[in-house]
>>> print(open('target.json').read())   # JSON, C-alpha atoms
[["chain", "number", "residue", "atom", "x", "y", "z"],
["T", 1384, "MET", "CA", 5.49, -8.22, 22.77],
["T", 1385, "GLU", "CA", 5.38, -6.10, 19.61],
["T", 1386, "ILE", "CA", 6.96, -9.03, 17.80],
["T", 1387, "ALA", "CA", 4.01, -11.24, 18.83],
["T", 1388, "CYS", "CA", 1.72, -8.88, 16.91],
["T", 1389, "LEU", "CA", 3.86, -9.68, 13.87],
["T", 1390, "LEU", "CA", 4.36, -13.40, 14.48],
["T", 1391, "MET", "CA", 0.75, -14.38, 15.23],
["T", 1392, "PRO", "CA", -0.76, -13.08, 11.98],
["T", 1393, "SER", "CA", 2.27, -14.40, 10.08],
["T", 1394, "LEU", "CA", 1.78, -17.87, 11.52],
["T", 1395, "TRP", "CA", -1.97, -17.74, 10.89],
["T", 1396, "ALA", "CA", -1.47, -16.64, 7.28],
["T", 1397, "GLY", "CA", 1.09, -19.37, 6.62],
["T", 1398, "LEU", "CA", -1.11, -22.08, 8.10],
["T", 1399, "LEU", "CA", -4.13, -20.75, 6.18],
["T", 1400, "VAL", "CA", -2.23, -21.01, 2.91],
["T", 1401, "GLY", "CA", -1.03, -24.52, 3.78],
["T", 1402, "VAL", "CA", -4.40, -25.91, 4.81],
["T", 1403, "SER", "CA", -6.85, -24.08, 2.57],
["T", 1404, "PHE", "CA", -4.90, -23.33, -0.58],
["T", 1405, "ILE", "CA", -2.34, -26.16, -0.84],
["T", 1406, "ALA", "CA", -3.31, -29.31, 1.07],
["T", 1407, "THR", "CA", -7.06, -29.27, 0.48],
["T", 1408, "PRO", "CA", -6.98, -28.73, -3.29],
["T", 1409, "ALA", "CA", -4.20, -31.34, -3.56],
["T", 1410, "MET", "CA", -6.34, -33.86, -1.68],
["T", 1411, "PHE", "CA", -9.17, -33.51, -4.20],
["T", 1412, "ARG", "CA", -6.73, -34.15, -7.06],
["T", 1413, "ALA", "CA", -5.49, -37.44, -5.59],
["T", 1414, "PRO", "CA", -6.75, -40.09, -8.01],
["T", 1415, "SER", "CA", -6.88, -42.82, -5.34],
["T", 1416, "LEU", "CA", -9.35, -40.90, -3.14],
["T", 1417, "THR", "CA", -13.02, -41.23, -3.92],
["T", 1418, "LEU", "CA", -15.13, -38.10, -3.52],
["T", 1419, "PRO", "CA", -16.81, -39.32, -0.30],
["T", 1420, "VAL", "CA", -13.44, -40.19, 1.25],
["T", 1421, "ALA", "CA", -11.90, -36.86, 0.21],
["T", 1422, "LEU", "CA", -14.92, -35.01, 1.60],
["T", 1423, "ASP", "CA", -14.71, -36.91, 4.88],
["T", 1424, "VAL", "CA", -11.00, -36.11, 5.21],
["T", 1425, "GLY", "CA", -11.76, -32.49, 4.35],
["T", 1426, "ARG", "CA", -14.51, -32.32, 6.96],
["T", 1427, "THR", "CA", -12.15, -33.69, 9.61],
["T", 1428, "THR", "CA", -9.33, -31.37, 8.52],
["T", 1429, "PHE", "CA", -11.49, -28.27, 8.63],
["T", 1430, "ALA", "CA", -12.95, -29.19, 12.04],
["T", 1431, "ARG", "CA", -9.41, -29.29, 13.44],
["T", 1432, "TRP", "CA", -8.35, -26.24, 11.46],
["T", 1433, "ASN", "CA", -11.32, -24.33, 12.88],
["T", 1434, "ALA", "CA", -10.17, -25.12, 16.44],
["T", 1435, "ILE", "CA", -6.64, -24.02, 15.59],
["T", 1436, "GLU", "CA", -7.93, -20.77, 14.06],
["T", 1437, "TRP", "CA", -9.86, -20.05, 17.28],
["T", 1438, "LEU", "CA", -6.59, -20.51, 19.17],
["T", 1439, "LEU", "CA", -4.68, -18.26, 16.77],
["T", 1440, "LEU", "CA", -7.38, -15.59, 16.97],
["T", 1441, "GLY", "CA", -7.23, -15.72, 20.76],
["T", 1442, "MET", "CA", -3.45, -15.51, 20.79],
["T", 1443, "MET", "CA", -3.53, -12.57, 18.40],
["T", 1444, "ALA", "CA", -6.07, -10.79, 20.61],
["T", 1445, "LEU", "CA", -3.96, -11.54, 23.69],
["T", 1446, "ALA", "CA", -0.87, -10.10, 22.01],
["T", 1447, "MET", "CA", -2.86, -6.95, 21.22],
["T", 1448, "VAL", "CA", -3.94, -6.61, 24.86],
["T", 1449, "PHE", "CA", -0.31, -6.40, 25.97],
["T", 1450, "THR", "CA", 0.77, -3.92, 23.30],
["T", 1451, "ARG", "CA", -0.49, -0.65, 21.93],
["T", 1452, "PRO", "CA", -1.86, -1.85, 18.60],
["T", 1453, "SER", "CA", -2.56, 0.58, 15.83],
["T", 1454, "ALA", "CA", -6.13, 1.47, 14.96],
["T", 1455, "PHE", "CA", -5.61, -0.49, 11.75],
["T", 1456, "ALA", "CA", -4.64, -3.64, 13.67],
["T", 1457, "VAL", "CA", -7.66, -3.33, 15.96],
["T", 1458, "ALA", "CA", -10.00, -2.82, 12.99],
["T", 1459, "ALA", "CA", -8.41, -5.71, 11.12],
["T", 1460, "ALA", "CA", -8.83, -7.98, 14.14],
["T", 1461, "GLY", "CA", -12.48, -6.97, 14.35],
["T", 1462, "VAL", "CA", -13.08, -7.81, 10.70],
["T", 1463, "LEU", "CA", -11.22, -11.12, 11.12],
["T", 1464, "ASP", "CA", -13.48, -11.91, 14.09],
["T", 1465, "ILE", "CA", -16.62, -11.31, 12.03],
["T", 1466, "LEU", "CA", -15.39, -13.28, 9.02],
["T", 1467, "PHE", "CA", -14.26, -16.17, 11.19],
["T", 1468, "LEU", "CA", -17.57, -16.24, 13.07],
["T", 1469, "ILE", "CA", -19.45, -16.45, 9.76],
["T", 1470, "GLN", "CA", -17.28, -19.39, 8.73],
["T", 1471, "SER", "CA", -17.49, -21.14, 12.11],
["T", 1472, "MET", "CA", -21.14, -20.64, 12.95],
["T", 1473, "ILE", "CA", -22.84, -20.62, 9.55],
["T", 1474, "LEU", "CA", -20.72, -21.98, 6.72],
["T", 1475, "LEU", "CA", -18.87, -24.86, 8.39],
["T", 1476, "PRO", "CA", -22.07, -26.46, 9.76],
["T", 1477, "ALA", "CA", -23.77, -26.05, 6.36],
["T", 1478, "LEU", "CA", -20.78, -27.60, 4.58],
["T", 1479, "ASN", "CA", -20.66, -30.45, 7.11],
["T", 1480, "ASN", "CA", -24.33, -31.19, 6.47],
["T", 1481, "ARG", "CA", -23.70, -31.18, 2.73],
["T", 1482, "VAL", "CA", -20.75, -33.57, 3.11],
["T", 1483, "ALA", "CA", -22.84, -35.89, 5.30],
["T", 1484, "ALA", "CA", -25.55, -35.96, 2.64],
["T", 1485, "ILE", "CA", -23.05, -36.75, -0.15],
["T", 1486, "ILE", "CA", -21.41, -39.49, 1.93],
["T", 1487, "ALA", "CA", -24.91, -40.93, 2.53],
["T", 1488, "GLY", "CA", -25.37, -41.15, -1.23],
["T", 1489, "LYS", "CA", -27.69, -38.17, -1.62],
["T", 1490, "LYS", "CA", -27.22, -35.41, -4.15],
["T", 1491, "PRO", "CA", -27.83, -32.06, -2.44],
["T", 1492, "PRO", "CA", -28.92, -29.10, -4.57],
["T", 1493, "PRO", "CA", -26.25, -26.64, -5.71],
["T", 1494, "ALA", "CA", -25.19, -24.18, -3.01],
["T", 1495, "SER", "CA", -22.74, -21.31, -2.78],
["T", 1496, "ASP", "CA", -21.48, -22.13, 0.74],
["T", 1497, "ARG", "CA", -18.16, -23.53, -0.46],
["T", 1498, "LEU", "CA", -17.46, -20.52, -2.67],
["T", 1499, "LEU", "CA", -18.33, -18.14, 0.15],
["T", 1500, "TYR", "CA", -16.06, -20.06, 2.54],
["T", 1501, "ILE", "CA", -13.17, -19.81, 0.05],
["T", 1502, "THR", "CA", -13.87, -16.11, -0.52],
["T", 1503, "ILE", "CA", -13.71, -15.47, 3.22],
["T", 1504, "ASP", "CA", -10.43, -17.40, 3.40],
["T", 1505, "VAL", "CA", -9.02, -15.15, 0.67],
["T", 1506, "LEU", "CA", -10.22, -12.06, 2.55],
["T", 1507, "LYS", "CA", -8.70, -13.35, 5.81],
["T", 1508, "LEU", "CA", -5.40, -13.95, 4.04],
["T", 1509, "CYS", "CA", -5.38, -10.42, 2.61],
["T", 1510, "ILE", "CA", -6.19, -8.91, 6.00],
["T", 1511, "LEU", "CA", -3.53, -10.98, 7.75],
["T", 1512, "ALA", "CA", -0.96, -9.99, 5.12],
["T", 1513, "ALA", "CA", -1.87, -6.33, 5.57],
["T", 1514, "VAL", "CA", -1.51, -6.62, 9.36],
["T", 1515, "VAL", "CA", 1.89, -8.29, 8.94],
["T", 1516, "TRP", "CA", 3.01, -5.59, 6.50],
["T", 1517, "LYS", "CA", 1.85, -2.74, 8.76],
["T", 1518, "GLN", "CA", 3.29, -4.33, 11.91],
["T", 1519, "ALA", "CA", 6.63, -5.01, 10.23],
["T", 1520, "GLY", "CA", 6.75, -1.36, 9.17],
["T", 1521, "ARG", "CA", 5.90, -0.28, 12.68],
["T", 1522, "ILE", "CA", 8.67, -2.41, 14.17],
["T", 1523, "MET", "CA", 11.19, -1.20, 11.58],
["T", 1524, "SER", "CA", 10.28, 2.44, 12.33],
["T", 1525, "ALA", "CA", 10.80, 1.85, 16.03],
["T", 1526, "LEU", "CA", 14.23, 0.37, 15.35],
["T", 1527, "GLY", "CA", 15.31, 3.50, 13.65]]
>>> encode(input="target.json", output="structure tokens")
Amino acid sequence: MEIACLLMPSLWAGLLVGVSFIATPAMFRAPSLTLPVALDVGRTTFARWNAIEWLLLGMMALAMVFTRPSAFAVAAAGVLDILFLIQSMILLPALNNRVAAIIAGKKPPPASDRLLYITIDVLKLCILAAVVWKQAGRIMSALG
């Protein structure tokens, strides 16, 4: 089960990079996609991604229940919970409303929601990488 505490954050970090830092920016550079279409695809992608992140967070917590996680891992999971709740409950709905307004032809005022969402994704990635690093070290120490 110790390996699950390494694999879950590794999987989450890899998917986070793929969705948030590779696929999404690439989509907005596609010359054949209009801004409203790209935003609509992004809204759909991030709704599904949010559900997957809830699953990954739950699986990571479950793995921690069946192991003796370090204090660092528990603290990291707590911070990830808070960051993810901010994204899920505050930022994602605000961004969805903004996308709906743009698709409807309105021009919403400037907002920092997108930048804050990206900043939280960067923080989550750093935390997940730190958990992976610490857990890998823990497993290697146990192996001798």
>>> residues_around(input="target.json", residues="Val1402 (chain T)", least_positions_apart="5", cutoff="9 Å", atoms="all atoms listed in the file", output="VMD selection string")
chain T and resid 1397 1407 to 1408 1428 to 1429 1432
>>> write_last_selection(input="target.json", atoms="C-alpha atoms", output="PDB file, keeping the file's coordinate frame")
ATOM      1  CA  GLY T1397       1.090 -19.370   6.620  1.00  0.00           C
ATOM      2  CA  THR T1407      -7.060 -29.270   0.480  1.00  0.00           C
ATOM      3  CA  PRO T1408      -6.980 -28.730  -3.290  1.00  0.00           C
ATOM      4  CA  THR T1428      -9.330 -31.370   8.520  1.00  0.00           C
ATOM      5  CA  PHE T1429     -11.490 -28.270   8.630  1.00  0.00           C
ATOM      6  CA  TRP T1432      -8.350 -26.240  11.460  1.00  0.00           C
TER       7      TRP T1432
END
>>> atom_distance(input="target.json", atom1="CA of Trp1395 (chain T)", atom2="CA of Cys1509 (chain T)")
11.6 Å
>>> closest_residue(input="target.json", among="T:Ile1486, T:Met1410, T:Leu1478, T:Ile1435", to="Leu1398 (chain T)", atoms="only C-alpha atoms")
T:Ile1435
>>> residues_around(input="target.json", residues="Leu1440 (chain T)", least_positions_apart="2", cutoff="12 Å", atoms="all atoms listed in the file", output="VMD selection string")
chain T and resid 1388 1391 to 1396 1433 to 1438 1442 to 1447 1459 to 1468 1507 1511
>>> atom_distance(input="target.json", atom1="CA of Val1482 (chain T)", atom2="CA of Val1505 (chain T)")
22.0 Å
>>> atom_distance(input="target.json", atom1="CA of Arg1481 (chain T)", atom2="CA of Pro1493 (chain T)")
9.9 Å
>>> closest_residue(input="target.json", among="T:Ala1409, T:Leu1389, T:Gly1527, T:Asp1504", to="Thr1450 (chain T)", atoms="all atoms listed in the file")
T:Leu1389
>>> residues_around(input="target.json", residues="Asn1479 (chain T)", least_positions_apart="5", cutoff="9 Å", atoms="all atoms listed in the file", output="compact mmCIF listing (two decimals) with C-alpha atoms, keeping the file's coordinate frame")
# COMPACT_ATOMS: atom_id res chain seq x y z
CA ARG T 1426 -14.51 -32.32 6.96
CA LEU T 1474 -20.72 -21.98 6.72
CA ALA T 1484 -25.55 -35.96 2.64
>>> closest_residue(input="target.json", among="T:Ala1413, T:Leu1506, T:Leu1418, T:Leu1390", to="Leu1439 (chain T)", atoms="all atoms listed in the file")
T:Leu1390
>>> decode(input="target.json", residues="region 1434-1477 of chain T", atoms="N, CA and C atoms", output="compact mmCIF listing (two decimals), in the first residue's frame")
# COMPACT_ATOMS: atom_id res chain seq x y z
N ALA T 1434 -13.93 16.47 -11.94
CA ALA T 1434 -14.47 15.21 -11.42
C ALA T 1434 -13.34 14.18 -11.24
N ILE T 1435 -12.43 14.14 -12.18
CA ILE T 1435 -11.30 13.21 -12.08
C ILE T 1435 -10.40 13.59 -10.91
N GLU T 1436 -10.18 14.89 -10.70
CA GLU T 1436 -9.35 15.31 -9.57
C GLU T 1436 -10.00 14.94 -8.24
N TRP T 1437 -11.34 15.04 -8.15
CA TRP T 1437 -12.03 14.60 -6.93
C TRP T 1437 -11.75 13.12 -6.68
N LEU T 1438 -11.81 12.32 -7.74
CA LEU T 1438 -11.53 10.89 -7.64
C LEU T 1438 -10.09 10.65 -7.19
N LEU T 1439 -9.15 11.36 -7.80
CA LEU T 1439 -7.74 11.19 -7.43
C LEU T 1439 -7.48 11.60 -5.99
N LEU T 1440 -8.11 12.69 -5.57
CA LEU T 1440 -7.96 13.14 -4.18
C LEU T 1440 -8.51 12.08 -3.22
N GLY T 1441 -9.67 11.52 -3.57
CA GLY T 1441 -10.24 10.47 -2.73
C GLY T 1441 -9.38 9.22 -2.67
N MET T 1442 -8.83 8.85 -3.82
CA MET T 1442 -7.96 7.66 -3.86
C MET T 1442 -6.67 7.91 -3.07
N MET T 1443 -6.15 9.12 -3.14
CA MET T 1443 -4.95 9.44 -2.38
C MET T 1443 -5.25 9.39 -0.88
N ALA T 1444 -6.40 9.93 -0.49
CA ALA T 1444 -6.79 9.89 0.92
C ALA T 1444 -6.99 8.45 1.38
N LEU T 1445 -7.62 7.64 0.54
CA LEU T 1445 -7.84 6.23 0.88
C LEU T 1445 -6.51 5.50 1.05
N ALA T 1446 -5.57 5.76 0.17
CA ALA T 1446 -4.24 5.14 0.29
C ALA T 1446 -3.59 5.54 1.61
N MET T 1447 -3.81 6.78 2.03
CA MET T 1447 -3.20 7.25 3.28
C MET T 1447 -3.87 6.60 4.50
N VAL T 1448 -5.13 6.26 4.38
CA VAL T 1448 -5.84 5.61 5.49
C VAL T 1448 -5.24 4.24 5.78
N PHE T 1449 -4.80 3.56 4.73
CA PHE T 1449 -4.29 2.19 4.89
C PHE T 1449 -2.77 2.13 5.06
N THR T 1450 -2.15 3.26 5.20
CA THR T 1450 -0.70 3.29 5.45
C THR T 1450 -0.45 4.19 6.65
N ARG T 1451 0.80 4.30 7.01
CA ARG T 1451 1.18 5.26 8.05
C ARG T 1451 1.89 6.41 7.35
N PRO T 1452 1.12 7.37 6.85
CA PRO T 1452 1.75 8.47 6.10
C PRO T 1452 2.56 9.36 7.03
N SER T 1453 3.54 9.99 6.45
CA SER T 1453 4.35 10.94 7.20
C SER T 1453 3.52 12.18 7.52
N ALA T 1454 3.97 12.93 8.48
CA ALA T 1454 3.29 14.19 8.81
C ALA T 1454 3.30 15.12 7.60
N PHE T 1455 4.37 15.08 6.84
CA PHE T 1455 4.46 15.90 5.63
C PHE T 1455 3.37 15.53 4.64
N ALA T 1456 3.16 14.23 4.42
CA ALA T 1456 2.14 13.78 3.47
C ALA T 1456 0.74 14.19 3.92
N VAL T 1457 0.48 14.08 5.21
CA VAL T 1457 -0.83 14.48 5.74
C VAL T 1457 -1.03 15.98 5.57
N ALA T 1458 0.00 16.77 5.89
CA ALA T 1458 -0.10 18.22 5.73
C ALA T 1458 -0.28 18.59 4.26
N ALA T 1459 0.48 17.93 3.39
CA ALA T 1459 0.38 18.20 1.96
C ALA T 1459 -1.02 17.88 1.45
N ALA T 1460 -1.58 16.76 1.89
CA ALA T 1460 -2.94 16.39 1.49
C ALA T 1460 -3.94 17.43 1.98
N GLY T 1461 -3.75 17.94 3.16
CA GLY T 1461 -4.63 18.99 3.69
C GLY T 1461 -4.57 20.25 2.86
N VAL T 1462 -3.38 20.65 2.47
CA VAL T 1462 -3.22 21.85 1.64
C VAL T 1462 -3.83 21.60 0.25
N LEU T 1463 -3.61 20.41 -0.31
CA LEU T 1463 -4.21 20.07 -1.59
C LEU T 1463 -5.74 20.14 -1.51
N ASP T 1464 -6.29 19.64 -0.41
CA ASP T 1464 -7.74 19.71 -0.22
C ASP T 1464 -8.23 21.16 -0.28
N ILE T 1465 -7.58 22.02 0.44
CA ILE T 1465 -7.99 23.44 0.50
C ILE T 1465 -7.87 24.09 -0.87
N LEU T 1466 -6.74 23.89 -1.53
CA LEU T 1466 -6.53 24.49 -2.86
C LEU T 1466 -7.57 23.97 -3.85
N PHE T 1467 -7.82 22.68 -3.81
CA PHE T 1467 -8.77 22.09 -4.74
C PHE T 1467 -10.20 22.56 -4.45
N LEU T 1468 -10.54 22.73 -3.19
CA LEU T 1468 -11.87 23.26 -2.85
C LEU T 1468 -12.04 24.69 -3.37
N ILE T 1469 -11.00 25.50 -3.26
CA ILE T 1469 -11.06 26.87 -3.80
C ILE T 1469 -11.31 26.83 -5.30
N GLN T 1470 -10.58 25.97 -5.99
CA GLN T 1470 -10.79 25.85 -7.44
C GLN T 1470 -12.20 25.36 -7.77
N SER T 1471 -12.63 24.32 -7.08
CA SER T 1471 -13.91 23.67 -7.40
C SER T 1471 -15.12 24.52 -7.04
N MET T 1472 -15.08 25.14 -5.88
CA MET T 1472 -16.26 25.81 -5.36
C MET T 1472 -16.33 27.30 -5.70
N ILE T 1473 -15.19 27.91 -5.96
CA ILE T 1473 -15.18 29.36 -6.20
C ILE T 1473 -14.75 29.68 -7.63
N LEU T 1474 -13.56 29.22 -8.00
CA LEU T 1474 -12.98 29.65 -9.27
C LEU T 1474 -13.65 29.02 -10.48
N LEU T 1475 -13.89 27.72 -10.44
CA LEU T 1475 -14.49 27.06 -11.61
C LEU T 1475 -15.89 27.62 -11.93
N PRO T 1476 -16.76 27.81 -10.94
CA PRO T 1476 -18.05 28.43 -11.26
C PRO T 1476 -17.90 29.86 -11.82
N ALA T 1477 -16.97 30.63 -11.27
CA ALA T 1477 -16.75 32.00 -11.78
C ALA T 1477 -16.24 31.96 -13.22
